[in-house]
Amino acid sequence: MNVFTHSKRLIPALLIVLFMALLWKGLYAQKTYAPKHDDSHFPAFTLQDARTPQKTITLADLKGKSYIAHVWASWCSVCIKEHKQWVAIANKWSVPVVGIIYRDNPNDVLPLLGKFGDPYLYLLNDFSGTLGLHLGIVGTPETYVVDEEGKVQFHHLGPVNMDLFESKMLPILKNSRSS
Amino acid sequence: MQCFKSFFKRGRYYLRLSLGVGLIGITSFNSCTQVLADEITQEASSRPGYVEFLKEFRCVTCPNQNIMDSSAPVAQAMKEEIARRWEQGESPETIRAFLLAQYGDYVLYRPALKGQTYLLWLGPFLMLCAGFAIWFKMSRTLRGTRP
């Protein structure tokens, strides 16, 4: 058996190993959508406050402020479970949290806030989901930390708890205020 | 007694009517907006090419479905936005560019042919060619060893 015979077997074997490695990598590859909105500007909007429909809020109302924007809905069970975390966060840190109710009915949302507490500075009614689309949301709940320049500094998919808030979001808000 | 019964019946009727009117009043804003959105999507679906266009986009909430087949809220919002833009006469290219700007390549069910996706598009053909090459080689070897 010479080197040539060896290589004739080696090449298909290598190809098979390479192919298997590719499949193996695919198993662990990130399959979900990766947020791309870090460090981009929060999109412009004109929406009603679900609590006071005669009051229209625009991005200009948030100019110069650092804040949290939280997209949620009363039809989203994860959001309802998460809600008490936001009430606790707002009570402990008194940070401005802008709630965005996504494709929801204020009549379903307001009783929930009455029952469990209302941590929101504004409660934007994104009934059509247009602001959600401009934010590039994948599903509720999603949370954005926006600095004083209106830039999204952090974006989180899924529910937030006090630990996550204090470790990832609060430092951004504090830095933003101190600078 | 008859009169009382009739008054009671009519009273219940008015009560139901007023409750109904009240409920319609409370929910009118959202339901009107929804009816409007439904009308726009229905109108757009009768336009040529619209349904095929929807099938180009991935539902970002449930990645194995296109937005046409998905009933996820984000997919619904995308459909309504596309329908609105379609009805306003925006070109498919502009609408595609809008969604790509928000979600990146991930939103396209058929990824564009470019540097990062060459292997994805050409991989199956390369494998087919490799299969043919192996088959050709093996058949020649077998023919050569036949007594």
# chains A, B, ... in the order shown; residues from 1 in each chain; ligands from 1
call {"tool": "residues_around", "arguments": {"residues": "stretch 131-137 of chain A", "least_positions_apart": "5", "cutoff": "8 Å", "atoms": "only C-alpha atoms", "output": "list in words"}}
result
His37, Phe42, Pro43, Phe45, Val71, Tyr102, Asp126 and Glu142 of chain A; Val74, Ala77, Met78, Gln102 and Tyr103 of chain B
call {"tool": "residues_around", "arguments": {"residues": "stretch 152-169 of chain A", "least_positions_apart": "3", "cutoff": "12 Å", "atoms": "only C-alpha atoms", "output": "VMD selection string"}}
result
(chain A and resid 32 to 43 66 to 72 76 to 93 95 97 135 to 149 172 to 176) or (chain B and resid 61)
call {"tool": "closest_residue", "arguments": {"among": "A:Phe116, A:Tyr122, A:Phe127, A:Trp75", "to": "chain B", "atoms": "only C-alpha atoms"}}
result
A:Phe127
call {"tool": "select_by_dssp", "arguments": {"residues": "stretch 107-157 of chain A", "states": "alpha helix (DSSP H)", "output": "list in words"}}
result
Asn107, Asp108, Val109, Leu110, Pro111, Leu112, Leu113, Gly114, Lys115, Phe116, Thr130, Leu131, Gly132, Leu133, His134 and Leu135 of chain A
call {"tool": "residues_around", "arguments": {"residues": "B:Ile67", "least_positions_apart": "5", "cutoff": "8 Å", "atoms": "only C-alpha atoms", "output": "NGL selection string"}}
result
:B and (54-55 or 57-59 or 75-76 or 78-79)
call {"tool": "write_last_selection", "arguments": {"atoms": "all heavy atoms", "output": "PDB file, in the first residue's frame"}}
result
ATOM      1  N   LEU B  54     -45.774  38.341   0.438  1.00  0.00           N
ATOM      2  CA  LEU B  54     -45.808  38.052   1.876  1.00  0.00           C
ATOM      3  C   LEU B  54     -45.017  36.789   2.209  1.00  0.00           C
ATOM      4  O   LEU B  54     -44.406  36.686   3.262  1.00  0.00           O
ATOM      5  CB  LEU B  54     -47.248  37.860   2.360  1.00  0.00           C
ATOM      6  CG  LEU B  54     -48.151  39.076   2.455  1.00  0.00           C
ATOM      7  CD1 LEU B  54     -49.472  38.684   3.094  1.00  0.00           C
ATOM      8  CD2 LEU B  54     -47.513  40.203   3.264  1.00  0.00           C
ATOM      9  N   LYS B  55     -45.046  35.830   1.274  1.00  0.00           N
ATOM     10  CA  LYS B  55     -44.370  34.554   1.517  1.00  0.00           C
ATOM     11  C   LYS B  55     -42.844  34.670   1.519  1.00  0.00           C
ATOM     12  O   LYS B  55     -42.154  33.746   1.901  1.00  0.00           O
ATOM     13  CB  LYS B  55     -44.817  33.518   0.464  1.00  0.00           C
ATOM     14  CG  LYS B  55     -46.246  33.060   0.680  1.00  0.00           C
ATOM     15  CD  LYS B  55     -46.653  32.049  -0.365  1.00  0.00           C
ATOM     16  CE  LYS B  55     -48.124  31.677  -0.190  1.00  0.00           C
ATOM     17  NZ  LYS B  55     -48.615  30.894  -1.316  1.00  0.00           N
ATOM     18  N   PHE B  57     -41.244  36.631   3.430  1.00  0.00           N
ATOM     19  CA  PHE B  57     -40.744  37.067   4.731  1.00  0.00           C
ATOM     20  C   PHE B  57     -40.986  36.044   5.828  1.00  0.00           C
ATOM     21  O   PHE B  57     -42.050  35.450   5.920  1.00  0.00           O
ATOM     22  CB  PHE B  57     -41.371  38.418   5.116  1.00  0.00           C
ATOM     23  CG  PHE B  57     -41.075  39.475   4.111  1.00  0.00           C
ATOM     24  CD1 PHE B  57     -42.003  39.820   3.144  1.00  0.00           C
ATOM     25  CD2 PHE B  57     -39.826  40.074   4.079  1.00  0.00           C
ATOM     26  CE1 PHE B  57     -41.719  40.764   2.178  1.00  0.00           C
ATOM     27  CE2 PHE B  57     -39.523  41.020   3.117  1.00  0.00           C
ATOM     28  CZ  PHE B  57     -40.470  41.369   2.164  1.00  0.00           C
ATOM     29  N   ARG B  58     -39.960  35.907   6.650  1.00  0.00           N
ATOM     30  CA  ARG B  58     -40.011  34.978   7.761  1.00  0.00           C
ATOM     31  C   ARG B  58     -40.764  35.608   8.939  1.00  0.00           C
ATOM     32  O   ARG B  58     -40.607  36.794   9.215  1.00  0.00           O
ATOM     33  CB  ARG B  58     -38.568  34.673   8.207  1.00  0.00           C
ATOM     34  CG  ARG B  58     -38.434  33.650   9.314  1.00  0.00           C
ATOM     35  CD  ARG B  58     -37.012  33.678   9.845  1.00  0.00           C
ATOM     36  NE  ARG B  58     -36.030  33.382   8.818  1.00  0.00           N
ATOM     37  CZ  ARG B  58     -35.741  32.146   8.416  1.00  0.00           C
ATOM     38  NH1 ARG B  58     -36.336  31.118   8.952  1.00  0.00           N
ATOM     39  NH2 ARG B  58     -34.837  31.954   7.471  1.00  0.00           N
ATOM     40  N   CYS B  59     -41.555  34.795   9.613  1.00  0.00           N
ATOM     41  CA  CYS B  59     -42.165  35.266  10.854  1.00  0.00           C
ATOM     42  C   CYS B  59     -41.067  35.233  11.903  1.00  0.00           C
ATOM     43  O   CYS B  59     -40.540  34.162  12.201  1.00  0.00           O
ATOM     44  CB  CYS B  59     -43.324  34.354  11.256  1.00  0.00           C
ATOM     45  SG  CYS B  59     -43.843  34.643  12.941  1.00  0.00           S
ATOM     46  N   ALA B  75     -46.196  39.070  13.132  1.00  0.00           N
ATOM     47  CA  ALA B  75     -46.457  38.757  11.719  1.00  0.00           C
ATOM     48  C   ALA B  75     -47.697  39.511  11.233  1.00  0.00           C
ATOM     49  O   ALA B  75     -47.721  40.023  10.105  1.00  0.00           O
ATOM     50  CB  ALA B  75     -46.637  37.258  11.541  1.00  0.00           C
ATOM     51  N   GLN B  76     -48.707  39.604  12.096  1.00  0.00           N
ATOM     52  CA  GLN B  76     -49.926  40.355  11.741  1.00  0.00           C
ATOM     53  C   GLN B  76     -49.585  41.828  11.494  1.00  0.00           C
ATOM     54  O   GLN B  76     -50.054  42.431  10.532  1.00  0.00           O
ATOM     55  CB  GLN B  76     -50.966  40.270  12.874  1.00  0.00           C
ATOM     56  CG  GLN B  76     -51.537  38.879  13.096  1.00  0.00           C
ATOM     57  CD  GLN B  76     -52.421  38.427  11.937  1.00  0.00           C
ATOM     58  OE1 GLN B  76     -52.942  39.246  11.208  1.00  0.00           O
ATOM     59  NE2 GLN B  76     -52.573  37.128  11.766  1.00  0.00           N
ATOM     60  N   MET B  78     -46.740  43.030  10.638  1.00  0.00           N
ATOM     61  CA  MET B  78     -45.965  43.137   9.389  1.00  0.00           C
ATOM     62  C   MET B  78     -46.907  43.105   8.196  1.00  0.00           C
ATOM     63  O   MET B  78     -46.762  43.898   7.260  1.00  0.00           O
ATOM     64  CB  MET B  78     -44.998  41.957   9.272  1.00  0.00           C
ATOM     65  CG  MET B  78     -43.688  42.171   9.943  1.00  0.00           C
ATOM     66  SD  MET B  78     -42.605  40.787   9.512  1.00  0.00           S
ATOM     67  CE  MET B  78     -41.341  41.011  10.728  1.00  0.00           C
ATOM     68  N   LYS B  79     -47.874  42.182   8.221  1.00  0.00           N
ATOM     69  CA  LYS B  79     -48.828  42.059   7.110  1.00  0.00           C
ATOM     70  C   LYS B  79     -49.592  43.370   6.918  1.00  0.00           C
ATOM     71  O   LYS B  79     -49.766  43.841   5.796  1.00  0.00           O
ATOM     72  CB  LYS B  79     -49.821  40.917   7.386  1.00  0.00           C
ATOM     73  CG  LYS B  79     -49.311  39.566   6.946  1.00  0.00           C
ATOM     74  CD  LYS B  79     -50.371  38.504   7.064  1.00  0.00           C
ATOM     75  CE  LYS B  79     -50.240  37.768   8.359  1.00  0.00           C
ATOM     76  NZ  LYS B  79     -51.052  36.545   8.442  1.00  0.00           N
TER      77      LYS B  79
END
call {"tool": "residues_around", "arguments": {"residues": "A:Leu112", "least_positions_apart": "5", "cutoff": "9 Å", "atoms": "only C-alpha atoms", "output": "JSON, numbers by chain"}}
result
{"A": [74, 80, 117, 118]}
call {"tool": "write_last_selection", "arguments": {"atoms": "N, CA and C atoms", "output": "compact mmCIF listing (two decimals), in the first residue's frame"}}
result
# COMPACT_ATOMS: atom_id res chain seq x y z
N SER A 74 -51.32 42.61 27.54
CA SER A 74 -52.11 41.89 28.55
C SER A 74 -52.40 40.45 28.10
N ILE A 80 -47.39 39.24 32.08
CA ILE A 80 -48.19 39.40 33.31
C ILE A 80 -47.38 38.90 34.51
N GLY A 117 -50.60 47.32 40.14
CA GLY A 117 -49.73 48.50 40.24
C GLY A 117 -49.33 48.99 38.86
N ASP A 118 -49.06 50.31 38.81
CA ASP A 118 -48.73 50.93 37.52
C ASP A 118 -47.35 51.59 37.60
call {"tool": "atom_distance", "arguments": {"atom1": "atom CA of A:Arg9", "atom2": "atom CA of B:Arg140"}}
result
16.4 Å
call {"tool": "atom_distance", "arguments": {"atom1": "atom CA of B:Glu52", "atom2": "atom CA of B:Tyr118"}}
result
24.4 Å
call {"tool": "closest_residue", "arguments": {"among": "A:Leu10, A:Leu15, A:Ala44, A:Leu59", "to": "chain B", "atoms": "only C-alpha atoms"}}
result
A:Leu15
call {"tool": "atom_distance", "arguments": {"atom1": "atom CA of B:Leu120", "atom2": "atom CA of B:Asn64"}}
result
16.9 Å
